[in-house]
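Undergrad: Have a peek at start_35.json (JSON, N, CA, C and O atoms).
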[["chain", "number", "residue", "atom", "x", "y", "z"],
["A", 29, "MET", "N", 132.85, 96.10, 115.22],
["A", 29, "MET", "CA", 131.40, 96.16, 115.26],
["A", 29, "MET", "C", 130.96, 95.70, 116.64],
["A", 29, "MET", "O", 131.55, 94.79, 117.21],
["A", 30, "GLN", "N", 129.93, 96.34, 117.16],
["A", 30, "GLN", "CA", 129.46, 96.02, 118.50],
["A", 30, "GLN", "C", 128.25, 95.10, 118.45],
["A", 30, "GLN", "O", 127.32, 95.30, 117.68],
["A", 31, "ILE", "N", 128.30, 94.07, 119.31],
["A", 31, "ILE", "CA", 127.16, 93.20, 119.56],
["A", 31, "ILE", "C", 126.97, 93.15, 121.08],
["A", 31, "ILE", "O", 127.78, 93.71, 121.82],
["A", 32, "PHE", "N", 125.94, 92.49, 121.51],
["A", 32, "PHE", "CA", 125.72, 92.29, 122.93],
["A", 32, "PHE", "C", 125.71, 90.79, 123.19],
["A", 32, "PHE", "O", 124.93, 90.05, 122.61],
["A", 33, "LEU", "N", 126.63, 90.36, 124.05],
["A", 33, "LEU", "CA", 126.81, 88.94, 124.34],
["A", 33, "LEU", "C", 126.49, 88.70, 125.80],
["A", 33, "LEU", "O", 127.17, 89.24, 126.69],
["A", 34, "ASN", "N", 125.46, 87.93, 126.05],
["A", 34, "ASN", "CA", 125.01, 87.64, 127.41],
["A", 34, "ASN", "C", 124.86, 88.92, 128.23],
["A", 34, "ASN", "O", 125.28, 89.01, 129.38],
["A", 35, "GLY", "N", 124.27, 89.95, 127.58],
["A", 35, "GLY", "CA", 123.96, 91.20, 128.26],
["A", 35, "GLY", "C", 125.07, 92.23, 128.31],
["A", 35, "GLY", "O", 124.87, 93.32, 128.82],
["A", 36, "GLU", "N", 126.24, 91.90, 127.77],
["A", 36, "GLU", "CA", 127.38, 92.82, 127.81],
["A", 36, "GLU", "C", 127.80, 93.23, 126.40],
["A", 36, "GLU", "O", 127.81, 92.40, 125.49],
["A", 37, "ALA", "N", 128.17, 94.50, 126.23],
["A", 37, "ALA", "CA", 128.66, 94.96, 124.93],
["A", 37, "ALA", "C", 129.97, 94.24, 124.62],
["A", 37, "ALA", "O", 130.80, 94.01, 125.50],
["A", 38, "CYS", "N", 130.13, 93.88, 123.35],
["A", 38, "CYS", "CA", 131.29, 93.11, 122.92],
["A", 38, "CYS", "C", 131.66, 93.56, 121.50],
["A", 38, "CYS", "O", 130.77, 93.74, 120.66],
["A", 39, "GLU", "N", 132.94, 93.72, 121.24],
["A", 39, "GLU", "CA", 133.41, 94.08, 119.90],
["A", 39, "GLU", "C", 133.82, 92.83, 119.15],
["A", 39, "GLU", "O", 134.53, 91.98, 119.69],
["A", 40, "VAL", "N", 133.36, 92.70, 117.91],
["A", 40, "VAL", "CA", 133.74, 91.58, 117.04],
["A", 40, "VAL", "C", 134.08, 92.14, 115.67],
["A", 40, "VAL", "O", 133.69, 93.26, 115.32],
["A", 41, "GLU", "N", 134.82, 91.36, 114.90],
["A", 41, "GLU", "CA", 135.17, 91.78, 113.55],
["A", 41, "GLU", "C", 133.94, 91.69, 112.64],
["A", 41, "GLU", "O", 133.09, 90.81, 112.82],
["A", 42, "ALA", "N", 133.87, 92.59, 111.67],
["A", 42, "ALA", "CA", 132.79, 92.55, 110.69],
["A", 42, "ALA", "C", 132.84, 91.21, 109.96],
["A", 42, "ALA", "O", 133.90, 90.62, 109.78],
["A", 43, "ASN", "N", 131.69, 90.72, 109.57],
["A", 43, "ASN", "CA", 131.53, 89.45, 108.84],
["A", 43, "ASN", "C", 131.86, 88.23, 109.67],
["A", 43, "ASN", "O", 132.07, 87.15, 109.11],
["A", 44, "SER", "N", 131.90, 88.36, 111.00],
["A", 44, "SER", "CA", 132.10, 87.20, 111.86],
["A", 44, "SER", "C", 130.83, 86.37, 111.87],
["A", 44, "SER", "O", 129.72, 86.90, 111.79],
["A", 45, "THR", "N", 131.00, 85.07, 111.99],
["A", 45, "THR", "CA", 129.85, 84.17, 112.11],
["A", 45, "THR", "C", 129.67, 83.77, 113.56],
["A", 45, "THR", "O", 130.56, 83.99, 114.39],
["A", 46, "LEU", "N", 128.54, 83.16, 113.85],
["A", 46, "LEU", "CA", 128.32, 82.65, 115.19],
["A", 46, "LEU", "C", 129.40, 81.64, 115.56],
["A", 46, "LEU", "O", 129.92, 81.65, 116.68],
["A", 47, "LEU", "N", 129.78, 80.78, 114.62],
["A", 47, "LEU", "CA", 130.79, 79.76, 114.90],
["A", 47, "LEU", "C", 132.14, 80.40, 115.21],
["A", 47, "LEU", "O", 132.80, 80.00, 116.18],
["A", 48, "THR", "N", 132.55, 81.42, 114.46],
["A", 48, "THR", "CA", 133.84, 82.05, 114.76],
["A", 48, "THR", "C", 133.81, 82.73, 116.13],
["A", 48, "THR", "O", 134.81, 82.71, 116.84],
["A", 49, "LEU", "N", 132.68, 83.29, 116.50],
["A", 49, "LEU", "CA", 132.55, 83.89, 117.82],
["A", 49, "LEU", "C", 132.70, 82.83, 118.91],
["A", 49, "LEU", "O", 133.46, 83.01, 119.86],
["A", 50, "VAL", "N", 131.99, 81.72, 118.77],
["A", 50, "VAL", "CA", 132.06, 80.64, 119.76],
["A", 50, "VAL", "C", 133.49, 80.13, 119.90],
["A", 50, "VAL", "O", 134.00, 79.96, 121.01],
["A", 51, "LEU", "N", 134.16, 79.92, 118.77],
["A", 51, "LEU", "CA", 135.54, 79.43, 118.81],
["A", 51, "LEU", "C", 136.48, 80.45, 119.46],
["A", 51, "LEU", "O", 137.38, 80.07, 120.20],
["A", 52, "SER", "N", 136.24, 81.74, 119.21],
["A", 52, "SER", "CA", 137.10, 82.77, 119.80],
["A", 52, "SER", "C", 136.92, 82.83, 121.31],
["A", 52, "SER", "O", 137.81, 83.28, 122.03],
["A", 53, "LEU", "N", 135.78, 82.38, 121.80],
["A", 53, "LEU", "CA", 135.53, 82.35, 123.24],
["A", 53, "LEU", "C", 136.13, 81.11, 123.91],
["A", 53, "LEU", "O", 136.09, 80.97, 125.12],
["A", 54, "GLY", "N", 136.64, 80.19, 123.08],
["A", 54, "GLY", "CA", 137.22, 78.96, 123.61],
["A", 54, "GLY", "C", 136.18, 77.92, 124.01],
["A", 54, "GLY", "O", 136.48, 76.98, 124.73],
["A", 55, "ALA", "N", 134.96, 78.09, 123.54],
["A", 55, "ALA", "CA", 133.88, 77.15, 123.87],
["A", 55, "ALA", "C", 133.82, 76.02, 122.85],
["A", 55, "ALA", "O", 134.21, 76.18, 121.70],
["A", 56, "ASP", "N", 133.35, 74.88, 123.30],
["A", 56, "ASP", "CA", 133.16, 73.74, 122.41],
["A", 56, "ASP", "C", 131.82, 73.94, 121.69],
["A", 56, "ASP", "O", 130.77, 73.94, 122.33],
["A", 57, "PRO", "N", 131.84, 74.12, 120.37],
["A", 57, "PRO", "CA", 130.59, 74.39, 119.65],
["A", 57, "PRO", "C", 129.57, 73.26, 119.74],
["A", 57, "PRO", "O", 128.38, 73.47, 119.51],
["A", 58, "ARG", "N", 130.00, 72.07, 120.11],
["A", 58, "ARG", "CA", 129.06, 70.95, 120.22],
["A", 58, "ARG", "C", 128.20, 71.04, 121.46],
["A", 58, "ARG", "O", 127.12, 70.46, 121.50],
["A", 59, "GLY", "N", 128.66, 71.78, 122.47],
["A", 59, "GLY", "CA", 127.94, 71.80, 123.74],
["A", 59, "GLY", "C", 127.31, 73.13, 124.08],
["A", 59, "GLY", "O", 127.19, 73.47, 125.25],
["A", 60, "ILE", "N", 126.92, 73.89, 123.08],
["A", 60, "ILE", "CA", 126.34, 75.20, 123.35],
["A", 60, "ILE", "C", 125.02, 75.38, 122.62],
["A", 60, "ILE", "O", 124.72, 74.69, 121.64],
["A", 61, "ALA", "N", 124.25, 76.32, 123.10],
["A", 61, "ALA", "CA", 123.03, 76.76, 122.42],
["A", 61, "ALA", "C", 123.11, 78.27, 122.29],
["A", 61, "ALA", "O", 123.64, 78.95, 123.17],
["A", 62, "ILE", "N", 122.61, 78.79, 121.17],
["A", 62, "ILE", "CA", 122.69, 80.23, 120.92],
["A", 62, "ILE", "C", 121.32, 80.78, 120.59],
["A", 62, "ILE", "O", 120.61, 80.25, 119.73],
["A", 63, "GLU", "N", 120.98, 81.87, 121.28],
["A", 63, "GLU", "CA", 119.78, 82.64, 120.98],
["A", 63, "GLU", "C", 120.25, 83.96, 120.39],
["A", 63, "GLU", "O", 121.09, 84.64, 120.98],
["A", 64, "ARG", "N", 119.73, 84.30, 119.23],
["A", 64, "ARG", "CA", 120.09, 85.56, 118.56],
["A", 64, "ARG", "C", 118.82, 86.38, 118.38],
["A", 64, "ARG", "O", 117.88, 85.95, 117.71],
["A", 65, "ASN", "N", 118.79, 87.54, 118.99],
["A", 65, "ASN", "CA", 117.63, 88.43, 118.89],
["A", 65, "ASN", "C", 116.33, 87.69, 119.20],
["A", 65, "ASN", "O", 115.36, 87.76, 118.46],
["A", 66, "LEU", "N", 116.37, 86.94, 120.31],
["A", 66, "LEU", "CA", 115.21, 86.22, 120.86],
["A", 66, "LEU", "C", 114.79, 85.00, 120.05],
["A", 66, "LEU", "O", 113.69, 84.48, 120.27],
["A", 67, "GLU", "N", 115.62, 84.53, 119.13],
["A", 67, "GLU", "CA", 115.32, 83.31, 118.37],
["A", 67, "GLU", "C", 116.48, 82.33, 118.48],
["A", 67, "GLU", "O", 117.64, 82.72, 118.30],
["A", 68, "ILE", "N", 116.17, 81.07, 118.74],
["A", 68, "ILE", "CA", 117.19, 80.03, 118.80],
["A", 68, "ILE", "C", 117.74, 79.80, 117.39],
["A", 68, "ILE", "O", 116.97, 79.67, 116.44],
["A", 69, "VAL", "N", 119.06, 79.74, 117.28],
["A", 69, "VAL", "CA", 119.70, 79.48, 116.00],
["A", 69, "VAL", "C", 120.11, 78.00, 115.98],
["A", 69, "VAL", "O", 120.89, 77.56, 116.83],
["A", 70, "PRO", "N", 119.60, 77.22, 115.02],
["A", 70, "PRO", "CA", 119.98, 75.80, 114.94],
["A", 70, "PRO", "C", 121.49, 75.66, 114.73],
["A", 70, "PRO", "O", 122.12, 76.48, 114.06],
["A", 71, "LYS", "N", 122.07, 74.61, 115.32],
["A", 71, "LYS", "CA", 123.51, 74.37, 115.18],
["A", 71, "LYS", "C", 123.93, 74.30, 113.72],
["A", 71, "LYS", "O", 125.02, 74.75, 113.36],
["A", 72, "SER", "N", 123.06, 73.79, 112.87],
["A", 72, "SER", "CA", 123.39, 73.67, 111.44],
["A", 72, "SER", "C", 123.58, 75.03, 110.77],
["A", 72, "SER", "O", 124.13, 75.10, 109.68],
["A", 73, "GLU", "N", 123.16, 76.12, 111.43],
["A", 73, "GLU", "CA", 123.28, 77.46, 110.86],
["A", 73, "GLU", "C", 124.36, 78.31, 111.53],
["A", 73, "GLU", "O", 124.58, 79.46, 111.12],
["A", 74, "HIS", "N", 125.05, 77.78, 112.52],
["A", 74, "HIS", "CA", 126.06, 78.57, 113.24],
["A", 74, "HIS", "C", 127.18, 79.04, 112.31],
["A", 74, "HIS", "O", 127.64, 80.18, 112.43],
["A", 75, "ALA", "N", 127.63, 78.19, 111.41],
["A", 75, "ALA", "CA", 128.75, 78.55, 110.52],
["A", 75, "ALA", "C", 128.34, 79.53, 109.43],
["A", 75, "ALA", "O", 129.18, 80.24, 108.89],
["A", 76, "SER", "N", 127.06, 79.60, 109.13],
["A", 76, "SER", "CA", 126.62, 80.48, 108.04],
["A", 76, "SER", "C", 125.89, 81.74, 108.51],
["A", 76, "SER", "O", 125.58, 82.61, 107.70],
["A", 77, "THR", "N", 125.65, 81.87, 109.81],
["A", 77, "THR", "CA", 124.96, 83.04, 110.34],
["A", 77, "THR", "C", 125.97, 84.14, 110.63],
["A", 77, "THR", "O", 126.81, 84.01, 111.53],
["A", 78, "ILE", "N", 125.89, 85.22, 109.86],
["A", 78, "ILE", "CA", 126.81, 86.34, 110.01],
["A", 78, "ILE", "C", 126.24, 87.34, 111.01],
["A", 78, "ILE", "O", 125.07, 87.72, 110.93],
["A", 79, "LEU", "N", 127.08, 87.72, 111.96],
["A", 79, "LEU", "CA", 126.66, 88.68, 112.98],
["A", 79, "LEU", "C", 126.42, 90.06, 112.38],
["A", 79, "LEU", "O", 127.13, 90.47, 111.46],
["A", 80, "GLN", "N", 125.42, 90.73, 112.91],
["A", 80, "GLN", "CA", 125.07, 92.08, 112.47],
["A", 80, "GLN", "C", 125.27, 93.06, 113.63],
["A", 80, "GLN", "O", 125.17, 92.66, 114.79],
["A", 81, "PRO", "N", 125.53, 94.32, 113.34],
["A", 81, "PRO", "CA", 125.68, 95.30, 114.42],
["A", 81, "PRO", "C", 124.48, 95.28, 115.35],
["A", 81, "PRO", "O", 123.33, 95.18, 114.90],
["A", 82, "ASP", "N", 124.75, 95.36, 116.64],
["A", 82, "ASP", "CA", 123.75, 95.40, 117.70],
["A", 82, "ASP", "C", 122.96, 94.11, 117.87],
["A", 82, "ASP", "O", 121.91, 94.11, 118.53],
["A", 83, "ASP", "N", 123.43, 92.98, 117.30],
["A", 83, "ASP", "CA", 122.81, 91.69, 117.59],
["A", 83, "ASP", "C", 122.86, 91.46, 119.09],
["A", 83, "ASP", "O", 123.84, 91.82, 119.75],
["A", 84, "HIS", "N", 121.82, 90.85, 119.62],
["A", 84, "HIS", "CA", 121.77, 90.46, 121.03],
["A", 84, "HIS", "C", 121.84, 88.94, 121.07],
["A", 84, "HIS", "O", 120.93, 88.26, 120.58],
["A", 85, "LEU", "N", 122.92, 88.43, 121.65],
["A", 85, "LEU", "CA", 123.15, 86.99, 121.71],
["A", 85, "LEU", "C", 123.17, 86.51, 123.17],
["A", 85, "LEU", "O", 123.69, 87.19, 124.04],
["A", 86, "GLU", "N", 122.60, 85.36, 123.35],
["A", 86, "GLU", "CA", 122.72, 84.65, 124.62],
["A", 86, "GLU", "C", 123.31, 83.30, 124.26],
["A", 86, "GLU", "O", 122.77, 82.56, 123.43],
["A", 87, "ILE", "N", 124.46, 83.00, 124.86],
["A", 87, "ILE", "CA", 125.12, 81.72, 124.62],
["A", 87, "ILE", "C", 125.17, 80.98, 125.93],
["A", 87, "ILE", "O", 125.64, 81.50, 126.94],
["A", 88, "VAL", "N", 124.67, 79.76, 125.93],
["A", 88, "VAL", "CA", 124.73, 78.91, 127.12],
["A", 88, "VAL", "C", 125.49, 77.65, 126.77],
["A", 88, "VAL", "O", 125.38, 77.12, 125.66],
["A", 89, "GLN", "N", 126.28, 77.20, 127.73],
["A", 89, "GLN", "CA", 127.06, 75.98, 127.55],
["A", 89, "GLN", "C", 126.48, 74.90, 128.44],
["A", 89, "GLN", "O", 126.21, 75.13, 129.62],
["A", 90, "PHE", "N", 126.28, 73.72, 127.85],
["A", 90, "PHE", "CA", 125.76, 72.60, 128.61],
["A", 90, "PHE", "C", 126.87, 72.04, 129.51],
["A", 90, "PHE", "O", 128.01, 71.94, 129.10],
["A", 91, "VAL", "N", 126.47, 71.70, 130.72],
["A", 91, "VAL", "CA", 127.41, 71.14, 131.68],
["A", 91, "VAL", "C", 126.85, 69.81, 132.15],
["A", 91, "VAL", "O", 125.71, 69.73, 132.58],
["A", 92, "GLY", "N", 127.66, 68.78, 132.03],
["A", 92, "GLY", "CA", 127.24, 67.46, 132.48],
["A", 92, "GLY", "C", 127.54, 67.27, 133.96],
["A", 92, "GLY", "O", 128.31, 67.99, 134.58],
["A", 93, "GLY", "N", 126.90, 66.32, 134.51],
["A", 93, "GLY", "CA", 127.14, 66.02, 135.92],
["A", 93, "GLY", "C", 126.06, 65.11, 136.45],
["A", 93, "GLY", "O", 125.13, 64.76, 135.76],
["A", 94, "GLY", "N", 126.20, 64.77, 137.67],
["A", 94, "GLY", "CA", 125.18, 63.88, 138.21],
["A", 94, "GLY", "C", 125.12, 63.89, 139.70],
["A", 94, "GLY", "O", 125.63, 64.62, 140.44]]
How does this structure look as structure tokens?

TA:
Amino acid sequence: MQIFLNGEACEVEANSTLLTLVLSLGADPRGIAIERNLEIVPKSEHASTILQPDDHLEIVQFVGGG
């Protein structure tokens, strides 16, 4: 199934969740924010939000520093 991740087409398995996508990218789910179809998805919903064909996702990772 095709989705769009940070502006690029991406293939994912059907019934994938936001959390499984984040983990497959090797990102730490504690340090990211996800926008799905122009709406922020709360972290509490990442494991239960199932991706749909043509979803548009923006994933940003927080970076610490000083």

Undergrad: When you look at region 72-86 of chain A with a cut-off of 8 Å (counting all atoms listed in the file), what residues show up, excluding the ones that are within fewer than 4 positions of it in the same chain? I need them as a ChimeraX atom specification.

TA: /A:29-38,41-50,60-68

Undergrad: Would you list, as a ChimeraX atom specification, the residues of chain A that end up in alpha helix (DSSP H) under DSSP run on this structure's backbone?

TA: /A:46-52

Undergrad: As a VMD selection string, please: the residues near region 90-92 of chain A (cut-off 8 Å, all atoms listed in the file, same-chain neighbours under 2 positions excluded).

TA: chain A and resid 56 58 to 61 87 to 88 94

Undergrad: For the residues selected in the previous step, produce a file with N, CA, C and O atoms as a compact mmCIF listing (two decimals), keeping the file's coordinate frame.

TA:
# COMPACT_ATOMS: atom_id res chain seq x y z
N ASP A 56 133.35 74.88 123.30
CA ASP A 56 133.16 73.74 122.41
C ASP A 56 131.82 73.94 121.69
O ASP A 56 130.77 73.94 122.33
N ARG A 58 130.00 72.07 120.11
CA ARG A 58 129.06 70.95 120.22
C ARG A 58 128.20 71.04 121.46
O ARG A 58 127.12 70.46 121.50
N GLY A 59 128.66 71.78 122.47
CA GLY A 59 127.94 71.80 123.74
C GLY A 59 127.31 73.13 124.08
O GLY A 59 127.19 73.47 125.25
N ILE A 60 126.92 73.89 123.08
CA ILE A 60 126.34 75.20 123.35
C ILE A 60 125.02 75.38 122.62
O ILE A 60 124.72 74.69 121.64
N ALA A 61 124.25 76.32 123.10
CA ALA A 61 123.03 76.76 122.42
C ALA A 61 123.11 78.27 122.29
O ALA A 61 123.64 78.95 123.17
N ILE A 87 124.46 83.00 124.86
CA ILE A 87 125.12 81.72 124.62
C ILE A 87 125.17 80.98 125.93
O ILE A 87 125.64 81.50 126.94
N VAL A 88 124.67 79.76 125.93
CA VAL A 88 124.73 78.91 127.12
C VAL A 88 125.49 77.65 126.77
O VAL A 88 125.38 77.12 125.66
N GLY A 94 126.20 64.77 137.67
CA GLY A 94 125.18 63.88 138.21
C GLY A 94 125.12 63.89 139.70
O GLY A 94 125.63 64.62 140.44

Undergrad: Taking only chain A into account, list the residues labelled strand (DSSP E) by DSSP (computed from the backbone), as a list in words.

TA: Gln30, Ile31, Phe32, Leu33, Glu36, Ala37, Cys38, Glu39, Ile60, Ala61, Ile62, Glu63, Arg64, Glu67, Ile68, Val69, His84, Leu85, Glu86, Ile87, Val88 and Gln89 of chain A

Undergrad: Using only the atoms of region 33-47 of chain A listed in the file, plus 8 Å on each side, state the axis-aligned box centre and edge lengths in Å rounded to one decimal, as JSON.

TA:
{"center_x": 129.6, "center_y": 87.4, "center_z": 119.1, "size_x": 27.2, "size_y": 31.2, "size_z": 36.5}

Undergrad: Would you work out the distance separating atom N of Gly93 (chain A) from atom O of Ser52 (chain A), expressed in Å to one decimal?

TA: 23.7 Å
